[in-house]
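The next block holds one structure in the form of structure tokens; read it before the comments.
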Amino acid sequence: MRTLRFLLRKEFLQIVRDHVIMGMIFVMPIVQLLVLANAVTFEVTQARLYVVDLDHSPASRGLVDRLTASGRFAVAGASPSRARADAAMLDRDVDAILALPAGFERDLVRRRHAAVQLVLDAQDGAAAAVTQSYAGQVLTRYAHELGATLHPTMVTVGARSEAPPVRGQPAIDVRRRGWYNPELDYRAYMVPGILVVLVTMIGSLLTAMNIVREKEAGTLDQLNVTPLPRATFIAAKLIPLWVFALVDLALGLTFAHVALGVPVRGSLLLVFGAAAIYLVAALGIGLWISTVAETQQQAMFVTFSLLMVYLLMSGLFTPVRGMPQWAQWLTVVNPVAQFVQLMRAVLLKGAGVADVARQLAILAASGAVVLALAVRQYRKRAA
Amino acid sequence: MRHRSPALVAFVVKELRHILRDRQTLLILLLLPLAQVVLFGFALRTDVDDVRIAFVDPAPDAATLALRARFAGTGRFHVVAVSSTTAPLEPLFRRGAADVALVFEPGFASRLADGTPARLLLVADVADPNTGSLVQAYAQAVIAGYEAELGAAGRGVRIELRTRMRYNPTLESVNLFVPGLIALVLTLVSALMTAISLSREKERGTLEILLVSPLRPWQIIVGKVLPYLLLAFANAVTALLAAWLVFRVPFRGSVALLLGASVLYALVGLALGVLIAARTTSERAAMLGAMAGTMLPNALLSGMIFPIASLPGWLQAITVVVPARWFIVVSRGVMLQGVGLHRLWPELAVLGVMLVVLMAGAVRSFKARLA
């Protein structure tokens with residue numbers, strides 16, 4: 001125990017004196033939260049709309065008005081020429097083209113049915129799908145509105161909305177509620193995940209680099225020939241970064257809550273308890289990398305490649321349930337995925353221990369397994 | 001063409017051997033792009049086609065049952081819970097076991113029959129705003145379909161929305177990501193590896209030895225940089241081939257234009273790498289500098305994954321100096337939109353200016369270090 005205490009002191013001092021590592025510990029949270037929190041967003045912005053109106057009727061103009069009034073569309077150009085619209089889209093000046101055919105209003109009045117065409121720049125398919133759903137909602141509402149005002153005998157739709165609502169006609173009034181993030185703020189959703197990236201970087205990358213640096217300097221061999229038990233040595237290497245990672249999480253969470261307005265609806269004790277468990281797995285990965293890498297450069301490459309796979313497959317950026325089945329199964333054994341789910345559930349939804357019991361259990365199990373494997377590997381390499 | 005000195009050729013060969021001998025790094029460099037293409041292609045989908053729905057139906061009647069059956073019959077929704085009060089909803093959402101809930105009011109059928117509006121409450125988990133919005137839209141489409149069926153004989157009008165998804169009709173996210181991925185791969189090899197390898201020589205003092213050799217400084221830089229340029233190019237071509245063969249990512253424009261732009265972009269990365277190596281003092285610092293100065297902005301502030309239009313104004317302003325931002329417009333333009341030089345020359349010109357500025361900076365700080 002006494003040896004461990006001395007070793008821990010040495011490790012802490014070494015880390016505190018190393019400017020590069022200290023820089024990473026204290027600058028990384030700020031950079032990540034300032035840049036990542038703002039950059040990592042799939043927010044769907046207002047679509048720039050090119051209107052090709054061949055009808056020039058009150059109904060067609062009304063449709064364009066409803067679209068812009070929704071705030072989701074802004075008219076960026078209008079002309080009767082489809083060719084010009086297509087050119088504007090090729091130049092990336094517009095995101096969508098709305099084509100209103102001649103006879104749009106006449107068809108609505110006589111046949112109670114008309115079609116409009118919406119061409120979307122779908123390079124970003126996800127955003128295009130969301131934009132399409134907004135347009136669909138506006139059109140449905142507009143059709144309802146017209147249904148009440150348009151009569152077969154009317155030729156144009158004027159301001160004459162005094163026509164009484166027709167009785168006996170079925171109508172469903174749908175009200176929508178969005179829970180947990182009603183303002184649809186992307187930052188509230190992404191920041192809990194970014195905090196996971198933060199503690200993972202500290203836990204895995206710095207652990208790996210810290211040990212490999214001793215390897216490069218040759219001091220690791222010196223330590224290995226001392227009568228020091230390996231468990232003590234490994235503990236002394238891991239505990240300081242475990243502490244720093246938790247400190248970083250506290251800093252990051254404070255910043256996220258105060259400056260970015262990210263909600264903290266659940267228990268902070270649960271957040272930190274889960275982080276403490278999760279970090280065992282993260283540190284274990286770092287330890288394992290340090291056994292395979294010979295240089296810091298390699299350690300960095302291996303860490304980044306591994307982390308990239310873990311992060312991309314974690315559901316941090318894209319919904320897990322959109323993944324193919326095999327990838328969904330993989331997230332069950334991916335501690336990053338479990339911790340991201342847990343952080344989001346606790347911070348955004350106020351989930352308690354019972355709600356996230358599954359995630360906690362998986363985190364604990366993967367921590368034990370990863371650490372055991374890494375320690376075994378470390379012994380094998382050292383022997 | 002100028003005659004190349006045999007010393008330069010020998011130097012390039014020596015540098016290539018250096019790279020080829022570091023098996024581990026080489027393996028990572030060659031496998032990484034492939035792994036990324038596979039990951040982006042298989043695992044990352046932004047659409048959810050299995051939505052878990054919960055019903056709150058206090059007084060089931062013919063109409064609520066019909067609407068519920070309609071949801072169950074779409075194939076997209078799958079029912080996870082039916083209850084008579086809203087109390088079980090909250091824990092269900094908290095655990096993440098449901099995406100959306102539909103709350104009926106008692107007397108739904110009778111209201112529909114006598115024409116008073118029948119009210120429905122649609123609750124969605126919008127913690128993830130995009131998925132939440134899509135799920136809401138899917139649910140509303142089902143309800144609207146039911147309503148249209150009921151009102152078929154009525155007097156409602158219907159405006160049909162015919163949507164065309166141009167450039168990427170199947171909405172595959174791999175089509176969006178792959179053109180950007182090439183930028184990332186090129187940066188990784190050109191900027192990051194150049195910075196690391198040059199600064200390592202500097203730290204070990206072997207650069208000084210090279211400098212007193214008869215090789216001219218520009219020859220040293222070319223010799224250091226050329227192997228990485230080749231490697232970067234090989235990587236980009238591998239990634240493109242994989243994307244094309246496995247995921248059928250379209251190639252609508254000129255391949256020659258794309259490859260030419262890739263060379264230009266890789267050169268910008270190399271110049272940046274040389275600049276970082278000249279300005280930093282240790283391998284570790286160069287590594288971190290290259291990470292912070294090239295990889296992060298090129299991945300995050302280039303529009304590769306996250307659309308630039310969604311960024312706040314100050315970050316959008318920063319993207320102007322991120323080379324990948326301009327390159328990605330070109331690679332997407334060529335691959336997805338099928339446009340040519342006459343629409344893409346402004347972006348290429350920006351890259352050209354960046355190259356000149358960075359080259360000048362790199363050569364100057366390299367010379368300053370020597371003096």
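Letters A, B, ... mark the chains of the structure tokens in the order given; residue numbers begin at 1 per chain; ligand numbers begin at 1, in order shown.
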Residue neighbourhood stretch 315-326 of chain B, 6 Å, only C-alpha atoms, exclusion window fewer than 4 positions, as a list in words: Ala183, Asn298, Leu301, Ser302, Leu311 and Glu347 of chain B
Write out the residues from the selection above, keeping C-alpha atoms, as an mmCIF file, in the first residue's frame.
data_model
loop_
_atom_site.group_PDB
_atom_site.id
_atom_site.type_symbol
_atom_site.label_atom_id
_atom_site.label_comp_id
_atom_site.auth_asym_id
_atom_site.auth_seq_id
_atom_site.Cartn_x
_atom_site.Cartn_y
_atom_site.Cartn_z
ATOM 1 C CA ALA B 183 -10.762 14.259 -48.056
ATOM 2 C CA ASN B 298 -11.218 18.669 -41.850
ATOM 3 C CA LEU B 301 -15.809 21.891 -40.103
ATOM 4 C CA SER B 302 -15.817 20.732 -43.697
ATOM 5 C CA LEU B 311 -23.135 25.692 -37.822
ATOM 6 C CA GLU B 347 -13.497 25.915 -55.417
#
Interface, chain B side, toward chain A (6 Å; only C-alpha atoms) as a ChimeraX atom specification: /B:43,45-48,94-95,112,114-115,117-129,137,156-168,171,176,306,310-311
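Considering the residues B:Ser282, B:Ser110, B:Gln36, B:Gln24 and counting only C-alpha atoms, B:Ala239 has its shortest atom-to-atom contact with B:Gln36.
Checking A:Val243, A:Ile211, A:Val340, A:Ile362 one by one against A:Trp288, counting only C-alpha atoms, you find the shortest gap at A:Ile211.
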All residues 12 Å or closer to A:Met22, only C-alpha atoms, same chain fewer than 6 positions away omitted, as an MDAnalysis selection string: chainID A and resid 12:16 28:29 202 206 210 241 244:245 248
Kindly export the residues of the current selection with N, CA and C atoms, as a short mmCIF file (atom, residue, chain, number, x, y, z; two decimals), in the first residue's frame.
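Result written to part.cif:
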data_model
loop_
_atom_site.label_atom_id
_atom_site.label_comp_id
_atom_site.auth_asym_id
_atom_site.auth_seq_id
_atom_site.Cartn_x
_atom_site.Cartn_y
_atom_site.Cartn_z
N PHE A 12 1.36 11.28 -10.38
CA PHE A 12 0.65 12.56 -10.41
C PHE A 12 1.62 13.69 -10.76
N LEU A 13 2.78 13.67 -10.09
CA LEU A 13 3.75 14.73 -10.35
C LEU A 13 4.19 14.71 -11.81
N GLN A 14 4.42 13.49 -12.31
CA GLN A 14 4.87 13.36 -13.69
C GLN A 14 3.84 13.94 -14.67
N ILE A 15 2.58 13.65 -14.39
CA ILE A 15 1.54 14.15 -15.29
C ILE A 15 1.43 15.66 -15.18
N VAL A 16 1.44 16.16 -13.94
CA VAL A 16 1.27 17.59 -13.74
C VAL A 16 2.42 18.36 -14.38
N MET A 28 -8.52 20.21 -23.85
CA MET A 28 -9.43 19.35 -24.61
C MET A 28 -10.91 19.58 -24.25
N PRO A 29 -11.27 19.63 -22.96
CA PRO A 29 -12.69 19.83 -22.66
C PRO A 29 -13.23 21.12 -23.24
N ILE A 202 -9.42 10.97 -22.65
CA ILE A 202 -8.52 11.06 -21.50
C ILE A 202 -8.17 9.64 -21.05
N LEU A 206 -4.65 8.98 -23.31
CA LEU A 206 -3.58 9.42 -22.42
C LEU A 206 -2.96 8.26 -21.68
N ASN A 210 0.88 7.59 -22.09
CA ASN A 210 1.64 7.71 -20.86
C ASN A 210 2.55 6.50 -20.65
N LEU A 241 -5.08 8.89 -14.05
CA LEU A 241 -5.87 9.30 -15.22
C LEU A 241 -7.36 9.07 -14.98
N PHE A 244 -8.23 12.18 -13.21
CA PHE A 244 -8.27 13.34 -14.12
C PHE A 244 -9.48 13.27 -15.04
N ALA A 245 -9.82 12.08 -15.49
CA ALA A 245 -10.98 11.96 -16.39
C ALA A 245 -12.25 12.37 -15.67
N ASP A 248 -12.29 16.05 -15.40
CA ASP A 248 -12.64 16.62 -16.70
C ASP A 248 -14.13 16.52 -16.95
#
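Nearest to B:Gly293 of all the residues B:Gly205, B:Ala191, B:Val357, B:Leu210 is B:Ala191, based on only C-alpha atoms.
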A:Met343 surroundings by only C-alpha atoms, 12 Å radius, close-in-sequence under 3 positions cut, as a ChimeraX atom specification: /A:188-197,249,253,262-275,278,316,336-340,346-353,355-356,359-360 /B:94-95
Write the selection just made, keeping C-alpha atoms, as a compact mmCIF listing (two decimals), in the first residue's frame?
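Saved result, out_28.txt, follows:
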# COMPACT_ATOMS: atom_id res chain seq x y z
CA ALA A 188 -28.91 19.18 -25.81
CA TYR A 189 -28.83 15.84 -27.62
CA MET A 190 -25.18 15.84 -28.67
CA VAL A 191 -23.41 17.27 -25.62
CA PRO A 192 -24.01 14.25 -23.34
CA GLY A 193 -22.38 12.17 -26.07
CA ILE A 194 -19.51 14.62 -26.45
CA LEU A 195 -18.80 14.30 -22.74
CA VAL A 196 -18.45 10.56 -23.35
CA VAL A 197 -15.91 11.26 -26.10
CA LEU A 249 -16.17 15.25 -16.73
CA LEU A 253 -20.61 19.03 -17.35
CA VAL A 262 -27.74 21.44 -21.42
CA PRO A 263 -30.29 20.06 -18.96
CA VAL A 264 -29.28 17.88 -16.02
CA ARG A 265 -32.57 16.19 -15.15
CA GLY A 266 -31.29 13.04 -13.47
CA SER A 267 -29.02 12.36 -10.54
CA LEU A 268 -25.44 13.62 -10.76
CA LEU A 269 -24.37 10.79 -8.48
CA LEU A 270 -25.62 8.33 -11.08
CA VAL A 271 -23.74 10.15 -13.86
CA PHE A 272 -20.44 10.08 -12.00
CA GLY A 273 -20.93 6.57 -10.67
CA ALA A 274 -21.55 5.32 -14.21
CA ALA A 275 -18.57 7.30 -15.48
CA TYR A 278 -17.15 3.13 -17.63
CA LEU A 316 -23.51 8.92 -30.95
CA VAL A 336 -19.18 3.55 -25.51
CA ALA A 337 -22.66 2.91 -26.90
CA GLN A 338 -23.98 1.91 -23.49
CA PHE A 339 -22.49 4.95 -21.79
CA VAL A 340 -23.84 7.31 -24.47
CA VAL A 346 -30.05 10.44 -17.28
CA LEU A 347 -29.29 13.99 -18.39
CA LEU A 348 -32.16 14.56 -20.84
CA LYS A 349 -34.89 12.28 -19.54
CA GLY A 350 -34.08 12.15 -15.85
CA ALA A 351 -33.78 8.37 -15.86
CA GLY A 352 -33.02 6.68 -12.54
CA VAL A 353 -30.94 3.64 -11.63
CA ASP A 355 -34.23 2.72 -15.93
CA VAL A 356 -30.57 2.29 -16.84
CA GLN A 359 -26.54 -0.21 -19.28
CA LEU A 360 -24.89 -0.16 -15.85
CA ARG B 94 -37.29 7.07 -20.07
CA ARG B 95 -36.02 3.57 -20.64
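Each of B:Val222, B:Ser197, B:Val100, B:Tyr146 was compared to B:Leu8 using only C-alpha atoms, and B:Val222 turns out to be the nearest.
One distance worth recording is that between atom CA of B:Asn175 and atom CA of B:Tyr265, which is 20.3 Å.
Residues of stretch 100-334 of chain B that DSSP places in strand (DSSP E or B), based on the backbone of this structure, are Val100, Ala101, Leu102, Val103, Phe104, Ala118, Arg119, Leu120, Leu121, Leu122, Val123, Ala124, Asp125, Arg158, Ile159, Glu160, Leu161, Arg162, Thr163, Arg164, Met165 and Arg166 of chain B.
Among the candidates B:Gly273, B:Arg279, B:Val263, B:Leu32, the residue lying nearest to B:Thr238 is B:Leu32 (atoms considered: only C-alpha atoms).
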Near-B:Ser331 list (9 Å; only C-alpha atoms; drop same-chain fewer than 5 positions) as a ChimeraX atom specification: /B:179-180,182-183,258,261-262,326,336
Every residue of stretch 135-236 of chain B that DSSP places in helix (DSSP H, G or I), as number ranges by chain: B: 135-153, 173-204, 206-212, 217-236
From A:Ile285, A:Ser366, A:Glu105, A:Ala361, residue lying nearest A:Tyr378 [only C-alpha atoms]: A:Ile285
Distance of atom CA of A:Leu205 from atom CA of A:Val27, expressed in Å to one decimal place: 14.8 Å
